[in-house]
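To keep things clear, I will list the structure first and then write my remarks on it.
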Amino acid sequence: VRLFLDSADRGAWERWLPSGMFFGITTNPTILDAAGLACRLPVIADLARDAFALGIEELQVQTWGTDTLPLVRNGLALAALSPRIVVKVPVTFEGVRAVAALHREGVRTTLTAVYAPHQALTAAAAGADYVAPYFGRMGDLGHDALAAIVAMRDILAASGRATRLLVASIRSADDLARLAAAGLDTFTFGTKVAEGMFSDENTANAAATFEATAARGA
Ligand code: E4P
């Protein structure tokens, strides 16, 4: 299993990373913006330094640019910050060409904003390390997101490549459980889902009973 915290908020990192559950952090320009951060190299360099100081294995940051060349140029600059950075790229035509170029340079990549099974095949063929389908957003569009992601799982298993399915846009702990039961093992989600994983009333009651008993002494 490999879990990522989908947040660029340092407060959220400090709360959640010591839980030991998270292998890494994922971000994108929207997530940076929500944390009041600009999608600029010096800002991301500071962020990466802080993230690695908190002990994560991997930080995923998204490159930017409207064509392949800037996507590659910015991706190379991001990757130069640390060998533990994975460069995210949207699975557009320009983005796939950028991933192929970054792969040739030895940079690890995630093809993101994935909505359809064939895009997993594209990602494997281009040499992406991860492919990130948007589970919740596919459901918002009325698609059978679970079936589509299971198809992606099968496509990657048959591809002969090591491309890993990183399921994103997860909205609840139940989503996570359904996906994990279907054989998925790599997920990114934000703090709302993380909080939801610790909101079981029965567990809270059982823990309170243990504490009350312990407090009474032997
Ligand atoms: C992934 O890169 C996105 O940040 C995220 O998973 C989107 O989640 P949402 O669809 O719930 O906004």
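Residue names in the structure tokens use chain letters A, B, ... in the order shown, residue numbers from 1 in each chain, and ligand numbers from 1 in the order shown.
With only C-alpha atoms and all ligand atoms as the atoms that count, the set of residues no farther than 7 Å from ligand 1 is Asp6, Thr27, Asn28, Ile31, Thr112, Ala113, Tyr134, Gly136, Arg137, Ala168, Ser169, Ile170, Arg171, Thr188 and Phe189 of chain A.
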Filtering to C-alpha atoms, could you give me those residues as a compact mmCIF listing (two decimals), in the first residue's frame?
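Output file result-v7.txt is given in full below:
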```txt
# COMPACT_ATOMS: atom_id res chain seq x y z
CA ASP A 6 -3.00 15.59 -1.31
CA THR A 27 0.27 18.63 -5.10
CA ASN A 28 -0.83 20.48 -8.21
CA ILE A 31 -3.55 22.61 -4.29
CA THR A 112 -2.67 12.98 -14.08
CA ALA A 113 -6.22 14.21 -14.79
CA TYR A 134 -9.90 11.10 -10.74
CA GLY A 136 -14.71 11.28 -7.54
CA ARG A 137 -14.81 13.50 -10.60
CA ALA A 168 -7.01 10.55 -6.83
CA SER A 169 -10.16 12.59 -6.20
CA ILE A 170 -11.22 10.33 -3.36
CA ARG A 171 -13.99 11.85 -1.27
CA THR A 188 -3.97 10.25 -2.73
CA PHE A 189 -6.48 12.13 -0.61
```
Quiz prompt | Spatial neighbours of Phe22 (chain A), 6 Å, only C-alpha atoms, chain gap at least 2 places, as an NGL selection string | solution = :A and (3-4 or 20 or 24)
Quiz prompt | Test item, helix (DSSP H, G or I) assignment across region 114-180 of chain A, answer as an NGL selection string | solution = :A and (118-126 or 135-140 or 145-159 or 173-180)
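The closest residue to Asp175 (chain A), picked from A:Ala132, A:Leu146, A:Met152, A:Ala207 and counting only C-alpha atoms, is A:Leu146.
If you count only C-alpha atoms and ignore residues fewer than 2 places along the chain from Thr92 (chain A), what sits within 10 Å of it is Asp67, Thr68, Val89, Pro90, Glu94, Gly95, Val96, Arg97, Ala98, Leu111, Thr112, Ala113, Val114 and Gln119 of chain A.
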Take the selection from the previous step and output its residues with C-alpha atoms, as a PDB file, in the first residue's frame.
```
ATOM      1  CA  ASP A  67       3.249  23.177 -24.743  1.00  0.00           C
ATOM      2  CA  THR A  68       5.599  20.212 -24.506  1.00  0.00           C
ATOM      3  CA  VAL A  89       1.852  16.118 -15.998  1.00  0.00           C
ATOM      4  CA  PRO A  90      -1.749  16.215 -17.301  1.00  0.00           C
ATOM      5  CA  GLU A  94       1.551  17.743 -25.096  1.00  0.00           C
ATOM      6  CA  GLY A  95       1.748  16.236 -21.618  1.00  0.00           C
ATOM      7  CA  VAL A  96       2.335  12.699 -22.871  1.00  0.00           C
ATOM      8  CA  ARG A  97       5.121  13.945 -25.135  1.00  0.00           C
ATOM      9  CA  ALA A  98       6.608  15.731 -22.108  1.00  0.00           C
ATOM     10  CA  LEU A 111       0.288  11.315 -15.768  1.00  0.00           C
ATOM     11  CA  THR A 112      -2.669  12.976 -14.080  1.00  0.00           C
ATOM     12  CA  ALA A 113      -6.217  14.213 -14.787  1.00  0.00           C
ATOM     13  CA  VAL A 114      -7.110  10.735 -16.055  1.00  0.00           C
ATOM     14  CA  GLN A 119      -5.334   6.836 -20.799  1.00  0.00           C
TER      15      GLN A 119
END
```
Please identify all polymer residues within 12 Å of Ser199 (chain A), counting only C-alpha atoms, omitting same-chain residues fewer than 5 positions from it, and present them as a PDB file with N, CA and C atoms, in the first residue's frame.
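Saved result, out36.pdb, follows:
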```
ATOM      1  N   SER A 172     -14.067  10.017   0.370  1.00  0.00           N
ATOM      2  CA  SER A 172     -14.442   9.480   1.687  1.00  0.00           C
ATOM      3  C   SER A 172     -13.622   8.233   2.004  1.00  0.00           C
ATOM      4  N   ALA A 173     -13.646   7.861   3.276  1.00  0.00           N
ATOM      5  CA  ALA A 173     -12.979   6.626   3.699  1.00  0.00           C
ATOM      6  C   ALA A 173     -13.661   5.411   3.067  1.00  0.00           C
ATOM      7  N   ASP A 174     -14.965   5.515   2.807  1.00  0.00           N
ATOM      8  CA  ASP A 174     -15.676   4.414   2.148  1.00  0.00           C
ATOM      9  C   ASP A 174     -15.180   4.228   0.713  1.00  0.00           C
ATOM     10  N   LYS A 192      -9.688  15.906   4.685  1.00  0.00           N
ATOM     11  CA  LYS A 192     -11.074  15.546   5.039  1.00  0.00           C
ATOM     12  C   LYS A 192     -11.218  14.021   5.065  1.00  0.00           C
ATOM     13  N   VAL A 193     -10.671  13.370   4.067  1.00  0.00           N
ATOM     14  CA  VAL A 193     -10.735  11.897   4.027  1.00  0.00           C
ATOM     15  C   VAL A 193      -9.898  11.314   5.165  1.00  0.00           C
ATOM     16  N   ALA A 194      -8.731  11.913   5.399  1.00  0.00           N
ATOM     17  CA  ALA A 194      -7.871  11.414   6.493  1.00  0.00           C
ATOM     18  C   ALA A 194      -8.608  11.502   7.825  1.00  0.00           C
ATOM     19  N   ALA A 204     -14.111   4.987  19.019  1.00  0.00           N
ATOM     20  CA  ALA A 204     -13.942   6.018  20.065  1.00  0.00           C
ATOM     21  C   ALA A 204     -14.526   5.534  21.385  1.00  0.00           C
ATOM     22  N   ASN A 205     -15.702   4.899  21.314  1.00  0.00           N
ATOM     23  CA  ASN A 205     -16.338   4.396  22.543  1.00  0.00           C
ATOM     24  C   ASN A 205     -15.509   3.289  23.182  1.00  0.00           C
TER      25      ASN A 205
END
```
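Checking A:Ile25, A:Ala38, A:Leu156, A:Ala101 one by one against Phe187 (chain A), counting only C-alpha atoms, you find the shortest gap at A:Ile25.
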Practice problem: Quick one: everything within 8 Å of region 39-51 of chain A, counting only C-alpha atoms, minus sequence neighbours fewer than 3 positions away in the same chain. Send it as number ranges by chain. | Solution: A: 8, 13, 25, 29, 32-33, 54-56, 59, 77-78, 81
Would you output that residue set with C-alpha atoms, as a short mmCIF file (atom, residue, chain, number, x, y, z; two decimals), in the first residue's frame?
```cif
data_model
loop_
_atom_site.label_atom_id
_atom_site.label_comp_id
_atom_site.auth_asym_id
_atom_site.auth_seq_id
_atom_site.Cartn_x
_atom_site.Cartn_y
_atom_site.Cartn_z
CA ALA A 8 0.44 21.69 0.28
CA TRP A 13 1.56 18.05 6.97
CA ILE A 25 2.67 14.16 -0.68
CA PRO A 29 -1.27 24.18 -9.02
CA LEU A 32 -0.66 25.11 -4.09
CA ASP A 33 -3.12 27.97 -4.63
CA LEU A 54 9.20 15.81 7.72
CA GLY A 55 10.45 12.43 6.56
CA ILE A 56 8.36 11.66 3.47
CA LEU A 59 6.88 14.55 -3.24
CA ALA A 77 13.85 22.10 -13.03
CA LEU A 78 11.47 20.50 -10.52
CA LEU A 81 15.40 19.86 -6.71
#
```
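The strand (DSSP E) portion of region 4-160 of chain A consists of A:Phe4, A:Leu5, A:Asp6, A:Phe22, A:Phe23, A:Gly24, A:Ile25, A:Thr26, A:Glu58, A:Leu59, A:Gln60, A:Val61, A:Gln62, A:Ile85, A:Val86, A:Val87, A:Lys88, A:Val89, A:Pro90, A:Thr109, A:Thr110, A:Leu111, A:Thr112, A:Ala113, A:Val114, A:Tyr130, A:Val131, A:Ala132, A:Pro133, with states taken from DSSP on the backbone.
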Quiz prompt | Distance query Ala128 (chain A) at most 9 Å, only C-alpha atoms, self and fewer than 6 positions along chain excluded, as a list in words | solution = Val96, Val99, Ala100, His103, Arg108, Thr109, Thr110, Leu111, Thr122, Ala162, Thr163 and Arg164 of chain A
I need the residues from that last selection saved to file as a PDB file, in the first residue's frame (with C-alpha atoms), if you can.
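The new file part.pdb reads:
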```pdb
ATOM      1  CA  VAL A  96       2.335  12.699 -22.871  1.00  0.00           C
ATOM      2  CA  VAL A  99       6.450  12.535 -20.043  1.00  0.00           C
ATOM      3  CA  ALA A 100       8.217  10.567 -22.773  1.00  0.00           C
ATOM      4  CA  HIS A 103      11.393   9.568 -18.907  1.00  0.00           C
ATOM      5  CA  ARG A 108      10.015   9.983 -12.677  1.00  0.00           C
ATOM      6  CA  THR A 109       6.534  11.119 -13.701  1.00  0.00           C
ATOM      7  CA  THR A 110       2.814  10.849 -12.997  1.00  0.00           C
ATOM      8  CA  LEU A 111       0.288  11.315 -15.768  1.00  0.00           C
ATOM      9  CA  THR A 122      -1.059   5.722 -22.930  1.00  0.00           C
ATOM     10  CA  ALA A 162       5.683  -0.945 -13.812  1.00  0.00           C
ATOM     11  CA  THR A 163       3.287   2.031 -14.090  1.00  0.00           C
ATOM     12  CA  ARG A 164       1.409   2.293 -10.816  1.00  0.00           C
TER      13      ARG A 164
END
```
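Checking A:Ser159, A:Asn202, A:Thr191, A:Thr63 one by one against Leu76 (chain A), counting only C-alpha atoms, you find the shortest gap at A:Thr63.
Among the candidate residues A:Gly217, A:Gly196, A:Pro117, A:Pro18, the one lying nearest to Pro133 (chain A) is A:Pro117, with distances computed using only C-alpha atoms.
Counting only C-alpha atoms, the residue from A:Asp144, A:Glu105, A:Glu58, A:Asp129 that sits nearest to Pro83 (chain A) is A:Glu58.
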